[in-house]
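Reproduced below: input-v7.csv, with CSV, C-alpha atoms.
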```csv
chain,number,residue,atom,x,y,z
A,1,MET,CA,-31.7,0.0,35.7
A,2,GLY,CA,-35.4,-0.8,35.5
A,3,THR,CA,-38.0,-0.8,38.2
A,4,CYS,CA,-37.2,0.8,41.5
A,5,TYR,CA,-39.3,0.3,44.6
A,6,LEU,CA,-40.3,2.5,47.5
A,7,TYR,CA,-40.6,0.1,50.4
A,8,LEU,CA,-42.4,0.2,53.7
A,9,LEU,CA,-41.3,-2.5,56.0
A,10,PRO,CA,-43.0,-2.7,59.4
A,11,LEU,CA,-41.3,-4.5,62.2
A,12,ALA,CA,-42.9,-7.8,63.2
A,13,GLY,CA,-44.4,-8.3,66.7
A,14,CYS,CA,-43.4,-5.1,68.3
A,15,GLU,CA,-44.2,-1.4,68.5
A,16,ASP,CA,-45.4,0.4,65.4
A,17,ILE,CA,-41.9,0.9,63.9
A,18,LEU,CA,-41.2,0.7,60.2
A,19,LYS,CA,-38.4,1.3,57.7
A,20,LEU,CA,-39.0,3.4,54.7
A,21,GLY,CA,-36.6,3.3,51.8
A,22,ILE,CA,-35.9,2.6,48.2
A,23,SER,CA,-34.2,-0.3,46.3
A,24,HIS,CA,-34.1,-2.0,42.9
A,25,ASP,CA,-34.1,-5.2,44.9
A,26,PRO,CA,-36.2,-5.2,48.1
A,27,VAL,CA,-35.2,-8.7,49.0
A,28,ALA,CA,-31.5,-7.9,49.0
A,29,ARG,CA,-32.2,-4.7,50.9
A,30,ALA,CA,-34.2,-6.6,53.6
A,31,LEU,CA,-31.3,-9.1,53.8
A,32,ALA,CA,-28.9,-6.2,54.5
A,33,PHE,CA,-30.8,-5.5,57.7
A,34,THR,CA,-30.9,-9.2,58.9
A,35,PRO,CA,-30.6,-12.6,57.3
A,36,ARG,CA,-33.9,-13.6,58.9
A,37,TYR,CA,-35.7,-10.6,57.4
A,38,TYR,CA,-38.9,-12.7,57.1
A,39,GLU,CA,-39.1,-12.9,60.9
A,40,PHE,CA,-37.9,-9.4,61.5
A,41,PHE,CA,-40.3,-7.6,59.2
A,42,ASP,CA,-44.0,-8.1,59.0
A,43,LEU,CA,-44.3,-8.8,55.2
A,44,SER,CA,-48.1,-9.2,55.5
A,45,ARG,CA,-48.2,-5.5,56.3
A,46,ALA,CA,-45.3,-4.5,54.1
A,47,VAL,CA,-45.9,-2.3,51.0
A,48,LEU,CA,-44.0,-1.9,47.8
A,49,VAL,CA,-44.6,0.9,45.2
A,50,GLU,CA,-43.1,0.5,41.8
A,51,TYR,CA,-41.5,3.5,40.0
A,52,ASP,CA,-39.8,3.6,36.6
A,53,SER,CA,-36.6,5.1,37.7
A,54,ARG,CA,-34.4,5.5,40.7
A,55,LYS,CA,-34.5,9.3,40.3
A,56,GLU,CA,-38.3,9.3,40.5
A,57,THR,CA,-38.3,6.9,43.5
A,58,GLN,CA,-35.7,9.0,45.4
A,59,ALA,CA,-37.7,12.2,44.8
A,60,ARG,CA,-40.8,10.5,46.3
A,61,GLU,CA,-38.8,9.1,49.2
A,62,THR,CA,-37.3,12.5,50.0
A,63,GLU,CA,-40.8,14.0,50.0
A,64,LEU,CA,-42.1,11.3,52.4
A,65,HIS,CA,-39.1,11.7,54.7
A,66,ARG,CA,-39.7,15.4,55.0
A,67,HIS,CA,-43.4,14.7,55.7
A,68,LEU,CA,-42.6,12.1,58.4
A,69,ARG,CA,-40.0,14.0,60.5
A,70,GLU,CA,-42.2,14.1,63.6
A,71,TRP,CA,-42.4,10.3,63.5
A,72,ASN,CA,-38.6,9.7,63.4
A,73,ALA,CA,-37.4,6.7,65.5
A,74,VAL,CA,-34.1,5.3,66.4
A,75,GLN,CA,-32.9,2.4,64.3
A,76,PRO,CA,-33.5,-0.9,66.1
A,77,MET,CA,-30.3,-2.2,67.8
A,78,THR,CA,-30.5,-5.6,66.1
A,79,VAL,CA,-30.1,-4.0,62.7
A,80,ARG,CA,-26.7,-4.4,61.2
A,81,ASP,CA,-24.8,-1.0,61.2
A,82,ALA,CA,-23.5,-1.8,57.7
A,83,ALA,CA,-27.1,-1.7,56.4
A,84,ALA,CA,-27.2,2.1,56.8
A,85,GLY,CA,-30.5,4.0,56.6
A,86,LYS,CA,-30.3,5.0,60.3
A,87,THR,CA,-32.5,8.0,59.8
A,88,GLU,CA,-35.3,6.2,57.8
A,89,TRP,CA,-37.1,4.5,60.7
A,90,TYR,CA,-40.4,5.8,61.9
A,91,ARG,CA,-42.8,5.1,64.9
A,92,GLY,CA,-46.5,5.4,64.5
A,93,ALA,CA,-46.4,6.5,60.8
A,94,TYR,CA,-47.9,3.4,59.2
A,95,ASP,CA,-51.4,4.9,58.6
A,96,ALA,CA,-50.0,8.2,57.4
A,97,LEU,CA,-47.8,6.4,54.9
A,98,LEU,CA,-50.7,4.2,53.7
A,99,CYS,CA,-52.6,7.5,52.9
A,100,GLU,CA,-49.6,8.7,50.9
A,101,ILE,CA,-49.3,5.4,49.1
A,102,GLU,CA,-52.9,5.7,48.0
A,103,ARG,CA,-51.9,8.9,46.2
A,104,ASP,CA,-49.1,6.9,44.4
A,105,HIS,CA,-51.7,4.3,43.4
A,106,ALA,CA,-54.1,7.0,42.1
A,107,GLN,CA,-51.2,8.4,40.0
A,108,GLY,CA,-50.9,5.0,38.3
A,109,HIS,CA,-48.1,3.4,40.2
A,110,ILE,CA,-48.3,-0.3,40.9
A,111,VAL,CA,-48.7,-0.8,44.6
A,112,HIS,CA,-48.1,-4.2,46.3
A,113,ARG,CA,-50.2,-4.1,49.4
A,114,PRO,CA,-49.6,-6.3,51.2
A,115,ALA,CA,-46.2,-7.1,49.7
A,116,LEU,CA,-46.2,-10.7,50.9
A,117,PRO,CA,-47.5,-12.1,47.5
A,118,TRP,CA,-44.7,-10.2,45.8
A,119,TRP,CA,-42.1,-11.7,48.2
A,120,GLN,CA,-43.5,-15.2,47.6
A,121,ALA,CA,-43.4,-14.7,43.8
A,122,ARG,CA,-39.8,-13.6,44.1
A,123,LEU,CA,-38.8,-16.6,46.1
A,124,ARG,CA,-40.5,-18.9,43.6
A,125,VAL,CA,-38.3,-17.4,40.8
A,126,GLU,CA,-35.2,-17.8,43.0
A,127,ARG,CA,-36.3,-21.4,43.8
A,128,GLU,CA,-35.0,-22.4,40.3
A,129,LYS,CA,-31.4,-21.8,41.5
A,130,LEU,CA,-31.8,-23.3,44.9
A,131,PHE,CA,-30.8,-26.9,44.2
A,132,GLU,CA,-27.4,-26.1,42.8
A,133,TRP,CA,-26.7,-23.4,45.4
A,134,THR,CA,-27.5,-25.8,48.3
A,135,ILE,CA,-25.2,-28.5,46.8
A,136,TRP,CA,-22.4,-25.9,46.4
A,137,LEU,CA,-22.9,-24.5,49.9
A,138,THR,CA,-22.8,-27.9,51.5
A,139,ARG,CA,-19.6,-29.1,49.8
A,140,ASP,CA,-16.5,-28.5,51.9
A,141,ASP,CA,-14.3,-28.4,48.8
A,142,ALA,CA,-16.5,-25.8,47.0
A,143,CYS,CA,-17.6,-23.2,49.4
A,144,PRO,CA,-14.9,-21.2,51.3
A,145,LEU,CA,-17.1,-20.4,54.3
A,146,PRO,CA,-16.5,-22.2,57.6
A,147,ALA,CA,-19.0,-25.1,58.2
A,148,HIS,CA,-20.9,-23.3,60.9
A,149,GLU,CA,-21.5,-20.3,58.7
A,150,ARG,CA,-22.6,-22.5,55.8
A,151,ARG,CA,-25.1,-24.3,58.1
A,152,GLN,CA,-26.5,-21.0,59.3
A,153,ARG,CA,-26.8,-19.5,55.9
A,154,LEU,CA,-28.5,-22.6,54.6
A,155,ALA,CA,-31.0,-22.6,57.6
A,156,ASP,CA,-31.7,-18.9,57.1
A,157,VAL,CA,-32.4,-19.3,53.3
A,158,LEU,CA,-34.5,-22.5,53.6
A,159,ASP,CA,-36.4,-21.1,56.6
A,160,ALA,CA,-37.4,-18.1,54.4
A,161,TYR,CA,-39.2,-20.4,52.0
A,162,THR,CA,-40.9,-22.3,54.8
A,163,HIS,CA,-41.9,-19.1,56.7
A,164,LEU,CA,-43.3,-17.5,53.6
A,165,GLY,CA,-45.2,-20.5,52.5
A,166,VAL,CA,-43.2,-21.3,49.3
A,167,SER,CA,-42.6,-25.1,48.8
A,168,LEU,CA,-39.1,-26.5,48.9
A,169,GLU,CA,-40.3,-29.8,47.5
A,170,GLY,CA,-38.0,-30.7,44.6
A,171,ALA,CA,-36.1,-27.5,45.0
A,172,VAL,CA,-33.4,-28.8,47.3
A,173,PRO,CA,-31.9,-32.3,47.9
A,174,ALA,CA,-34.3,-34.3,50.0
A,175,GLU,CA,-31.8,-34.6,52.9
A,176,LEU,CA,-31.7,-30.9,53.3
A,177,LEU,CA,-35.4,-30.4,53.6
A,178,PRO,CA,-36.4,-29.0,57.0
A,179,MET,CA,-37.4,-31.9,59.3
A,180,GLU,CA,-41.0,-30.9,59.6
A,181,LEU,CA,-41.4,-31.1,55.8
A,182,ILE,CA,-39.8,-34.6,55.8
A,183,ALA,CA,-42.1,-35.8,58.6
A,184,ALA,CA,-45.2,-34.4,56.8
A,185,ARG,CA,-44.2,-36.0,53.6
A,186,ASN,CA,-43.7,-39.4,55.3
A,187,SER,CA,-46.9,-39.4,57.4
A,188,PRO,CA,-49.9,-41.4,56.4
```
Structure translated into structure tokens:
Amino acid sequence: MGTCYLYLLPLAGCEDILKLGISHDPVARALAFTPRYYEFFDLSRAVLVEYDSRKETQARETELHRHLREWNAVQPMTVRDAAAGKTEWYRGAYDALLCEIERDHAQGHIVHRPALPWWQARLRVEREKLFEWTIWLTRDDACPLPAHERRQRLADVLDAYTHLGVSLEGAVPAELLPMELIAARNSP
């Protein structure tokens, strides 16, 4: 299945709580927790470690969970129950995990620290599909979701690009650009 990531996702703007887990697709995993993952997690402090297989990543994750037992924290109430991973939240373990991740780096694993540039690069790749997706999502006859859900989904996705500093210019129909982008583009 290709590269698997060990991820360390600290919560934004609150106590030193973080989520430790694994995924072949960290963006999809973050979305499972909340559609506004880019506000919920502090991606400027997030870390991703690349492994060649899921088996290798799981072994490392298990080792870290055993090492971090004393830092276990309750899953934040705002996280969707369906996202699972209730026992993989830790308080005050960030520095200890960074030391462990240095070991991974020394063993030759690619470490994205901070992970924000990785996230931005991922959004730039997905940007290529954004134009057609926004048209499909905004057409009443094409998308089966109710109008309010479509508007919210569109706002969540477009806000991710804006929040993470990835340009939407030319990637979506001009009328769907966030208002602040339209104003900036039209100002002298």
Give me the residues near Tyr90 (chain A) as a list in words, where near means some atom within 6 Å (using only C-alpha atoms) and where sequence neighbours in that chain fewer than 5 positions away do not count. Ile17, Leu18, Trp71, Asn72 and Ala73 of chain A
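Interatomic distance, CA of Leu130 (chain A) to CA of Leu6 (chain A): 27.3 Å.
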Notebook entry, point to check: Which of these, A:Ala174, A:Leu164, A:Val157, A:Val125, has the shortest distance to Arg36 (chain A) once you count only C-alpha atoms?
Noted result: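 Using only C-alpha atoms, the shortest distance to Arg36 (chain A) belongs to A:Val157.
CA of Leu11 (chain A) is found 8.8 Å from CA of Glu39 (chain A).
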| said: With all atoms listed in the file as the counted atoms, please give the residues lying no more than 12 Å from region 61-69 of chain A, apart from itself and same-chain residues fewer than 5 positions off, as JSON, numbers by chain. | reply: {"A": [4, 5, 6, 7, 8, 18, 19, 20, 21, 22, 23, 49, 51, 54, 55, 56, 85, 87, 88, 89, 90, 91, 92, 93, 94, 95, 96, 97, 98, 99, 100, 101, 103, 104]}
If I take CA of Ala12 (chain A) and CA of Phe40 (chain A), how far is one from the other in Å, to one decimal?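 CA of Ala12 (chain A) sits 5.5 Å away from CA of Phe40 (chain A).
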Exercise for the section: For region 133-144 of chain A, please output as a ChimeraX atom specification all residues within 12 Å (counting only C-alpha atoms; exclusion window: fewer than 5 positions along the same chain). Expected result: /A:126-128,149-158,168,171-177
Of A:Val111, A:Lys129, A:Phe41, A:Met77, the one nearest to Val27 (chain A) when counting all atoms listed in the file is A:Phe41
inquiry  = Would you pick out the contacts of Gly2 (chain A) at 8 Å or less, using only C-alpha atoms, so that residues sharing its chain but fewer than 4 positions from it are not included, and give the list as a PyMOL selection string?
reply    = chain A and resi 24+52-53
Residue with the minimum atom-to-atom distance to Ala46 (chain A), picked from A:Ala121, A:Phe131, A:Glu102, A:Pro26 with all atoms listed in the file counted, is A:Pro26
Of A:Arg29, A:Arg45, A:His163, A:Arg80, the one sitting nearest Leu116 (chain A) when using all atoms listed in the file is A:Arg45
